file target_13.txt (compact mmCIF, C-alpha atoms)
# COMPACT_ATOMS: atom_id res chain seq x y z
CA MET V 140 19.83 -33.85 10.22
CA ASN V 141 22.82 -32.40 8.38
CA THR V 142 24.86 -29.68 10.04
CA ILE V 143 27.12 -26.85 8.91
CA HIS V 144 30.06 -29.19 9.57
CA ASP V 145 28.68 -31.68 7.02
CA VAL V 146 28.37 -28.89 4.44
CA ALA V 147 31.92 -27.73 5.12
CA LYS V 148 33.30 -31.28 4.78
CA LEU V 149 31.48 -31.91 1.48
CA ALA V 150 32.56 -28.55 0.02
CA GLY V 151 36.14 -28.92 1.30
CA VAL V 152 36.08 -25.63 3.22
CA SER V 153 35.93 -24.45 6.82
CA THR V 154 32.68 -23.89 8.72
CA ALA V 155 33.57 -20.18 8.81
CA THR V 156 33.57 -20.12 5.01
CA VAL V 157 30.17 -21.81 4.91
CA SER V 158 28.88 -19.23 7.37
CA ASN V 159 30.25 -16.42 5.19
CA VAL V 160 28.44 -17.83 2.15
CA ILE V 161 25.17 -18.19 4.06
CA ASN V 162 25.46 -14.57 5.25
CA ASN V 163 26.28 -13.29 1.74
CA SER V 164 29.74 -12.12 2.74
CA LYS V 165 31.82 -10.61 -0.03
CA LYS V 166 34.97 -12.25 1.38
CA VAL V 167 34.39 -15.55 -0.47
CA SER V 168 35.46 -16.18 -4.07
CA PRO V 169 32.73 -17.03 -6.63
CA GLY V 170 34.09 -20.54 -7.13
CA THR V 171 34.00 -21.29 -3.41
CA VAL V 172 30.48 -19.84 -3.14
CA GLU V 173 29.31 -22.19 -5.88
CA ARG V 174 30.88 -25.24 -4.16
CA VAL V 175 29.26 -24.37 -0.84
CA GLN V 176 25.87 -23.71 -2.44
CA ASN V 177 26.04 -27.03 -4.28
CA ALA V 178 26.84 -28.80 -1.00
CA ILE V 179 23.94 -27.06 0.75
CA ARG V 180 21.55 -28.19 -2.01
CA GLU V 181 22.91 -31.75 -2.08
CA LEU V 182 22.57 -32.15 1.69
CA ASN V 183 19.26 -30.22 1.83
CA TYR V 184 20.80 -28.16 4.64
CA THR V 185 18.66 -25.48 6.30
CA PRO V 186 20.54 -22.80 8.30
CA ASN V 187 19.37 -22.26 11.87
CA THR V 188 18.22 -18.63 11.68
CA ILE V 189 17.76 -18.31 15.44
CA ALA V 190 21.28 -19.55 16.18
CA ARG V 191 22.65 -17.25 13.51
CA GLY V 192 20.80 -14.35 15.08
CA LEU V 193 22.35 -15.00 18.48
CA LYS V 194 25.82 -14.60 16.95
CA THR V 195 25.19 -11.85 14.40
CA SER V 196 22.22 -9.93 15.89
CA ASN V 197 20.52 -10.52 12.53
CA SER V 198 18.11 -13.42 12.98
CA ARG V 199 16.90 -12.99 9.38
CA ILE V 200 13.37 -12.97 10.78
CA ILE V 201 11.40 -9.85 9.86
CA GLY V 202 8.33 -8.98 11.89
CA ILE V 203 5.21 -7.56 10.23
CA LEU V 204 2.78 -5.60 12.37
CA ALA V 205 -0.31 -5.10 10.18
CA GLU V 206 -3.16 -2.91 11.34
CA ASP V 207 -5.57 -5.16 9.45
CA ILE V 208 -4.74 -8.02 7.08
CA GLY V 209 -8.39 -8.03 5.94
CA ALA V 210 -8.10 -4.56 4.37
CA PHE V 211 -8.23 -4.76 0.57
CA PHE V 212 -4.63 -3.59 0.06
CA SER V 213 -2.91 -5.57 2.82
CA GLY V 214 -2.80 -8.94 1.10
CA ASP V 215 -0.91 -7.63 -1.93
CA ILE V 216 1.54 -5.64 0.20
CA ILE V 217 2.24 -8.65 2.42
CA ASP V 218 2.64 -10.86 -0.66
CA GLY V 219 5.24 -8.44 -2.03
CA ILE V 220 7.11 -8.51 1.29
CA CYS V 221 7.03 -12.31 1.35
CA GLU V 222 8.21 -12.55 -2.25
CA TYR V 223 11.29 -10.45 -1.52
CA CYS V 224 12.02 -12.23 1.76
CA GLU V 225 11.70 -15.66 0.14
CA LEU V 226 14.25 -14.70 -2.49
CA HIS V 227 16.66 -13.25 0.09
CA ASP V 228 16.55 -15.89 2.83
CA TYR V 229 14.39 -14.04 5.36
CA SER V 230 11.56 -15.53 7.38
CA ILE V 231 8.39 -13.66 8.31
CA ASN V 232 6.54 -13.36 11.62
CA LEU V 233 3.15 -11.67 11.19
CA CYS V 234 0.85 -10.07 13.77
CA ASN V 235 -2.60 -8.66 12.92
CA LEU V 236 -4.13 -5.81 14.96
CA ARG V 237 -7.61 -6.19 13.34
CA VAL V 238 -8.19 -2.43 13.26
CA ASP V 239 -10.91 -2.34 10.59
CA PHE V 240 -13.12 -4.71 12.55
CA LYS V 241 -12.69 -2.73 15.77
CA VAL V 242 -13.31 0.63 14.09
CA LYS V 243 -16.47 -0.64 12.45
CA GLN V 244 -17.80 -1.62 15.86
CA SER V 245 -17.60 2.06 16.93
CA PRO V 246 -19.95 4.25 14.83
CA GLY V 247 -18.43 7.63 14.02
CA PHE V 248 -14.92 6.55 15.02
CA ARG V 249 -12.12 7.72 12.71
CA TYR V 250 -8.72 6.16 12.12
CA THR V 251 -7.01 9.35 13.27
CA GLY V 252 -8.45 8.70 16.74
CA LEU V 253 -6.49 5.48 17.14
CA GLU V 254 -3.39 7.34 18.29
CA GLU V 255 -5.24 8.30 21.49
CA ASP V 256 -7.02 4.98 22.08
CA GLU V 257 -5.51 3.23 25.13
CA SER V 258 -6.86 -0.23 24.28
CA TYR V 259 -5.28 0.05 20.83
CA LYS V 260 -1.92 1.05 22.31
CA LYS V 261 -2.08 -1.95 24.64
CA SER V 262 -2.82 -4.21 21.66
CA ILE V 263 0.22 -2.82 19.83
CA GLN V 264 2.48 -3.38 22.84
CA ARG V 265 1.21 -6.94 23.33
CA ASN V 266 1.94 -7.81 19.70
CA LEU V 267 5.31 -6.05 19.81
CA ASN V 268 6.25 -8.17 22.82
CA THR V 269 5.38 -11.29 20.84
CA LEU V 270 7.46 -10.22 17.86
CA LEU V 271 10.47 -9.17 19.93
CA ALA V 272 10.34 -12.45 21.85
CA SER V 273 10.71 -14.27 18.53
CA ARG V 274 13.97 -12.32 17.94
CA VAL V 275 12.87 -10.42 14.85
CA CYS V 276 15.71 -8.27 13.53
CA GLY V 277 13.46 -5.63 11.97
CA LEU V 278 9.82 -4.56 11.95
CA ILE V 279 7.55 -3.59 9.04
CA PHE V 280 4.43 -1.64 10.03
CA ILE V 281 1.51 -1.74 7.56
CA GLY V 282 -1.08 0.95 8.19
CA THR V 283 -4.75 0.56 7.40
CA HIS V 284 -5.24 4.16 6.26
CA PRO V 285 -2.43 6.49 5.15
CA ARG V 286 -1.79 8.87 8.05
CA ASP V 287 0.90 9.93 10.52
CA VAL V 288 1.44 6.93 12.81
CA GLY V 289 4.64 8.24 14.39
CA SER V 290 3.19 8.20 17.91
CA LEU V 291 1.95 4.61 17.79
CA LEU V 292 5.17 2.68 18.35
CA PRO V 293 7.55 3.08 21.30
CA ASP V 294 11.30 3.37 20.75
CA LEU V 295 12.49 -0.06 19.63
CA PRO V 296 15.92 -1.72 19.57
CA ILE V 297 15.37 -2.79 15.96
CA PRO V 298 14.81 -0.81 12.74
CA VAL V 299 11.26 -0.05 11.58
CA VAL V 300 10.01 0.61 8.04
CA TYR V 301 6.47 1.87 7.45
CA THR V 302 4.21 1.29 4.46
CA TYR V 303 0.69 2.53 3.71
CA ALA V 304 1.47 5.02 6.48
CA TYR V 305 4.03 7.71 7.23
CA THR V 306 5.64 9.56 10.13
CA ARG V 307 7.07 13.03 10.56
CA LYS V 308 10.04 11.69 12.52
CA GLY V 309 12.33 10.89 9.61
CA ASP V 310 11.49 7.15 9.48
CA TYR V 311 11.68 5.14 6.27
CA CYS V 312 8.21 5.11 4.68
CA ILE V 313 7.07 3.52 1.39
CA ASN V 314 3.79 4.69 -0.15
CA TYR V 315 2.17 5.29 -3.52
CA ASP V 316 1.71 8.69 -5.12
CA ASP V 317 -1.91 9.86 -4.66
CA TYR V 318 -1.24 13.09 -6.54
CA GLN V 319 0.30 11.35 -9.56
CA GLY V 320 -2.51 8.76 -9.67
CA THR V 321 -5.15 11.48 -9.62
CA ARG V 322 -3.39 13.37 -12.40
CA LEU V 323 -3.55 10.21 -14.53
CA ALA V 324 -7.31 10.04 -13.99
CA VAL V 325 -8.26 13.69 -14.47
CA ASP V 326 -5.86 14.27 -17.37
CA TYR V 327 -7.41 11.25 -19.10
CA LEU V 328 -10.94 12.62 -18.65
CA ILE V 329 -9.86 15.99 -20.05
CA GLU V 330 -8.08 14.33 -22.99
CA ASN V 331 -11.39 12.64 -23.80
CA GLY V 332 -13.13 15.98 -24.06
CA HIS V 333 -14.60 16.35 -20.59
CA GLU V 334 -14.59 19.85 -19.12
CA ARG V 335 -17.32 19.54 -16.49
CA ILE V 336 -15.66 17.00 -14.18
CA ALA V 337 -17.16 16.37 -10.76
CA LEU V 338 -15.24 14.99 -7.78
CA ILE V 339 -16.56 12.73 -5.01
CA CYS V 340 -14.06 13.02 -2.16
CA GLY V 341 -13.08 10.77 0.71
CA ALA V 342 -13.08 11.84 4.36
CA VAL V 343 -12.14 15.49 4.83
CA ASP V 344 -9.46 14.71 7.45
CA SER V 345 -7.73 12.15 5.21
CA VAL V 346 -4.24 12.72 3.76
CA PRO V 347 -5.13 10.86 0.51
CA THR V 348 -8.17 13.12 0.12
CA HIS V 349 -6.00 16.23 0.33
CA LYS V 350 -3.40 14.89 -2.11
CA ARG V 351 -6.02 13.74 -4.62
CA MET V 352 -7.83 17.06 -4.35
CA ARG V 353 -4.56 18.80 -5.18
CA GLY V 354 -4.10 16.55 -8.21
CA TYR V 355 -7.63 17.31 -9.39
CA GLN V 356 -7.19 21.07 -9.03
CA SER V 357 -3.77 21.15 -10.69
CA ALA V 358 -5.09 19.20 -13.70
CA LEU V 359 -7.90 21.71 -14.19
CA MET V 360 -5.49 24.63 -13.87
CA GLU V 361 -2.96 23.23 -16.35
CA HIS V 362 -5.73 22.68 -18.91
CA ASN V 363 -7.20 26.15 -18.30
CA LEU V 364 -10.50 24.75 -17.08
CA PRO V 365 -12.59 26.56 -14.44
CA PHE V 366 -12.95 25.17 -10.93
CA HIS V 367 -16.62 24.67 -10.00
CA PRO V 368 -17.14 24.29 -6.22
CA GLU V 369 -20.61 22.85 -6.84
CA TYR V 370 -18.97 19.85 -8.53
CA ILE V 371 -17.17 18.88 -5.32
CA LYS V 372 -19.01 16.43 -3.06
CA THR V 373 -17.70 15.03 0.22
CA GLY V 374 -18.07 11.36 1.12
CA ASN V 375 -16.38 8.98 3.54
CA TRP V 376 -15.04 6.27 1.18
CA HIS V 377 -18.32 4.27 1.34
CA TYR V 378 -20.50 2.87 -1.47
CA GLU V 379 -23.51 4.79 -0.15
CA ASP V 380 -21.60 8.10 -0.42
CA GLY V 381 -20.98 7.58 -4.13
CA TYR V 382 -24.58 6.53 -4.73
CA ARG V 383 -26.05 9.57 -2.99
CA GLN V 384 -23.60 12.16 -4.27
CA ALA V 385 -23.88 11.05 -7.91
CA LEU V 386 -27.64 11.68 -7.84
CA GLU V 387 -27.11 15.11 -6.26
CA LEU V 388 -24.63 16.02 -8.97
CA MET V 389 -26.95 14.99 -11.80
CA ALA V 390 -29.87 16.90 -10.26
CA SER V 391 -28.03 20.22 -10.59
CA GLY V 392 -28.85 22.72 -13.34
CA ASP V 393 -25.59 22.05 -15.21
CA PRO V 394 -24.67 18.43 -14.47
CA PRO V 395 -21.14 17.14 -15.09
CA THR V 396 -20.22 14.94 -18.04
CA ALA V 397 -17.77 12.95 -15.89
CA ILE V 398 -17.42 11.96 -12.24
CA PHE V 399 -14.11 11.07 -10.64
CA ALA V 400 -14.61 9.22 -7.34
CA MET V 401 -11.61 9.01 -5.03
CA ASN V 402 -12.05 5.28 -4.54
CA ASP V 403 -13.70 2.41 -6.37
CA LEU V 404 -16.36 1.79 -3.73
CA MET V 405 -17.77 5.29 -4.22
CA ALA V 406 -17.30 4.99 -7.99
CA VAL V 407 -19.35 1.78 -8.08
CA GLY V 408 -22.00 3.44 -5.91
CA ALA V 409 -22.13 6.34 -8.38
CA LEU V 410 -22.23 4.03 -11.38
CA ASN V 411 -25.13 1.99 -9.99
CA ALA V 412 -27.08 5.09 -8.92
CA LEU V 413 -26.77 6.54 -12.41
CA ARG V 414 -27.83 3.37 -14.21
CA GLU V 415 -30.76 2.74 -11.85
CA ASN V 416 -32.02 6.28 -12.45
CA GLY V 417 -32.02 6.23 -16.22
CA PHE V 418 -28.58 7.65 -17.02
CA ARG V 419 -26.44 5.85 -19.56
CA VAL V 420 -22.87 5.21 -18.44
CA PRO V 421 -20.66 6.28 -20.11
CA GLN V 422 -22.69 7.96 -22.90
CA ASP V 423 -24.53 10.42 -20.62
CA VAL V 424 -21.90 10.61 -17.87
CA SER V 425 -18.52 8.93 -17.45
CA VAL V 426 -17.32 7.45 -14.15
CA HIS V 427 -13.69 7.01 -13.07
CA GLY V 428 -12.47 5.30 -9.89
CA PHE V 429 -9.28 4.81 -7.88
CA ASP V 430 -8.00 1.51 -6.35
CA ASP V 431 -8.63 -1.20 -8.98
CA LEU V 432 -10.64 -3.38 -6.62
CA GLU V 433 -11.52 -6.81 -7.99
CA MET V 434 -15.17 -5.76 -8.36
CA SER V 435 -14.11 -3.08 -10.86
CA HIS V 436 -13.60 -5.79 -13.50
CA TYR V 437 -17.22 -6.91 -13.20
CA THR V 438 -19.26 -3.71 -13.04
CA VAL V 439 -21.45 -2.76 -16.00
CA PRO V 440 -19.72 -1.10 -17.70
CA ALA V 441 -16.31 -2.23 -16.40
CA LEU V 442 -14.77 0.58 -14.36
CA THR V 443 -11.82 2.65 -15.56
CA THR V 444 -9.64 3.23 -12.51
CA ILE V 445 -6.20 3.84 -11.00
CA LYS V 446 -4.12 0.89 -9.77
CA PRO V 447 -1.82 1.49 -6.78
CA PRO V 448 1.47 -0.50 -6.91
CA LEU V 449 0.71 -2.53 -3.78
CA ARG V 450 2.95 -5.57 -4.41
CA GLU V 451 5.81 -3.30 -5.41
CA MET V 452 5.28 -1.35 -2.19
CA GLY V 453 5.71 -4.62 -0.29
CA ARG V 454 8.83 -5.58 -2.23
CA ARG V 455 10.36 -2.12 -1.84
CA THR V 456 9.58 -2.07 1.88
CA ALA V 457 11.29 -5.43 2.40
CA GLN V 458 14.25 -4.31 0.27
CA THR V 459 14.59 -1.14 2.35
CA MET V 460 14.62 -3.24 5.52
CA ASP V 461 17.23 -5.57 4.01
CA ASN V 462 19.42 -2.58 3.12
CA ILE V 463 19.16 -1.15 6.63
CA LEU V 464 20.03 -4.49 8.23
CA ASN V 465 23.12 -4.62 5.99
CA LYS V 466 24.10 -1.06 7.00
CA GLU V 467 23.30 0.24 3.51
CA PHE V 468 21.01 3.10 4.48
CA PRO V 469 18.86 4.54 1.64
CA GLU V 470 19.25 8.28 1.05
CA LYS V 471 15.51 8.93 0.77
CA HIS V 472 13.37 8.37 3.83
CA GLY V 473 10.04 8.91 2.09
CA THR V 474 9.43 6.99 -1.14
CA LEU V 475 6.37 7.48 -3.37
CA LEU V 476 5.80 4.84 -6.06
CA PRO V 477 3.82 5.70 -9.21
CA CYS V 478 0.33 4.35 -9.83
CA SER V 479 -0.81 2.92 -13.18
CA HIS V 480 -3.93 3.54 -15.26
CA VAL V 481 -6.43 0.75 -15.93
CA ILE V 482 -8.61 1.79 -18.86
CA ARG V 483 -11.87 -0.10 -19.25
CA ASP V 484 -15.33 0.97 -20.49
CA SER V 485 -16.75 3.59 -18.11
CA VAL V 486 -15.26 6.70 -19.76
CA PHE V 487 -16.75 8.07 -23.00
CA CYS V 488 -14.82 10.19 -25.50
CA ILE V 489 -16.89 13.28 -26.31
CA LYS V 490 -14.29 14.96 -28.50
CA ARG V 491 -15.52 16.01 -31.90
call {"tool": "encode", "arguments": {"input": "target_13.txt", "output": "structure tokens"}}
result
Amino acid sequence: MNTIHDVAKLAGVSTATVSNVINNSKKVSPGTVERVQNAIRELNYTPNTIARGLKTSNSRIIGILAEDIGAFFSGDIIDGICEYCELHDYSINLCNLRVDFKVKQSPGFRYTGLEEDESYKKSIQRNLNTLLASRVCGLIFIGTHPRDVGSLLPDLPIPVVYTYAYTRKGDYCINYDDYQGTRLAVDYLIENGHERIALICGAVDSVPTHKRMRGYQSALMEHNLPFHPEYIKTGNWHYEDGYRQALELMASGDPPTAIFAMNDLMAVGALNALRENGFRVPQDVSVHGFDDLEMSHYTVPALTTIKPPLREMGRRTAQTMDNILNKEFPEKHGTLLPCSHVIRDSVFCIKR
């Protein structure tokens, strides 16, 4: 196996220069960097990240503590993290807390209760011990539901960046903009002539619910449309909530012409309830979702929805960690990335 000494000999430089190139030091001239990189490629040399960490306190191993890698958003966020780390010579060590599975085993349990759950805290500490033992130089925490998770982690000797979660302690947090995404959806419905727009909400104690409600209300206000409390229905992010609430809305004396559901699961529930009960979608009532789940491509009609920038969240989270490790601290602690609009076939234009 080739060593750093072999690379130095082939490139005609000292081992210290090779080390500076590997660690992206600005002390090395471009020509020398190119010679060292060519030697590394020719010898197929792989730096020993653990040994480097012992000398520099930066092992170039980033730990990921994910509340649940099975959650629909986690895979894309983790892929974005891995993409950035692969391009910037970091390795990944991943631990999965399996929160969704555990919560589903406890009927009526809410994510906000996890902060007080002793077994969950023990699980976090056990996984943190594993990550710290592997000499990770930084930790990325991926929540399973956007909420304040500031009390979950103990004080750590390494930097932490949060995504799909936030804290009130001034930590670095990367999330998407629920308000902006909702404005895209409701503004689009209004632009297509809809004035009676119903809303199927998520859980009442959810931060995304509050932010999306604010986006819905502000869109109505800016377009001088009245707010109808009877058009607001509360769900809990489940398919069954959308199914049930859509039928309640259409049974009212003045049914809406459009329904915005705060996630795609409820939107698909609403869409299926409407079709199964004789309503034409979108001609009789339009349906708009939020999440861009894979199933949204295949509903009948295909669901118009909002796409959160999940991979970009992962890339930005890893970049923030990289900056911190290089003592380049970002000015903003809380970053909100914009969502995009995916227009398909479930919204009808009723403008004349």
call {"tool": "residues_near_point", "arguments": {"input": "target_13.txt", "point": "(23.7, -29.3, -0.9)", "cutoff": "12 Å", "atoms": "all atoms listed in the file", "output": "list in words"}}
result
Asn141, Thr142, Ile143, Asp145, Val146, Ala147, Lys148, Leu149, Ala150, Val157, Val172, Glu173, Arg174, Val175, Gln176, Asn177, Ala178, Ile179, Arg180, Glu181, Leu182, Asn183, Tyr184, Thr185 and Pro186 of chain V
call {"tool": "atom_distance", "arguments": {"input": "target_13.txt", "atom1": "CA of Leu204 in chain V", "atom2": "CA of Leu233 in chain V"}}
result
6.2 Å
call {"tool": "closest_residue", "arguments": {"input": "target_13.txt", "among": "V:Thr373, V:Thr474, V:Thr438, V:Gln384", "to": "Gly309 in chain V", "atoms": "only C-alpha atoms"}}
result
V:Thr474
call {"tool": "closest_residue", "arguments": {"input": "target_13.txt", "among": "V:Glu361, V:Asp310, V:Asp344, V:Asp218", "to": "Val325 in chain V", "atoms": "only C-alpha atoms"}}
result
V:Glu361
call {"tool": "atom_distance", "arguments": {"input": "target_13.txt", "atom1": "CA of Thr444 in chain V", "atom2": "CA of His427 in chain V"}}
result
5.6 Å
call {"tool": "atom_distance", "arguments": {"input": "target_13.txt", "atom1": "CA of Asn331 in chain V", "atom2": "CA of Phe487 in chain V"}}
result
7.1 Å
call {"tool": "closest_residue", "arguments": {"input": "target_13.txt", "among": "V:Ala210, V:Leu359, V:Ile336, V:Val275", "to": "Val426 in chain V", "atoms": "all atoms listed in the file"}}
result
V:Ile336
call {"tool": "residues_around", "arguments": {"input": "target_13.txt", "residues": "range 429-437 of chain V", "least_positions_apart": "6", "cutoff": "10 Å", "atoms": "only C-alpha atoms", "output": "VMD selection string"}}
result
chain V and resid 211 to 212 317 320 to 321 324 399 to 407 443 to 449 478 to 481 483 to 484
call {"tool": "axis_aligned_box", "arguments": {"input": "target_13.txt", "around": "range 345-351 of chain V", "padding_each_side": "8 Å", "output": "JSON"}}
result
{"center_x": -5.8, "center_y": 13.5, "center_z": 0.3, "size_x": 20.8, "size_y": 21.4, "size_z": 25.8}
call {"tool": "closest_residue", "arguments": {"input": "target_13.txt", "among": "V:Thr302, V:Ser391, V:Asn162, V:Thr156", "to": "His284 in chain V", "atoms": "all atoms listed in the file"}}
result
V:Thr302
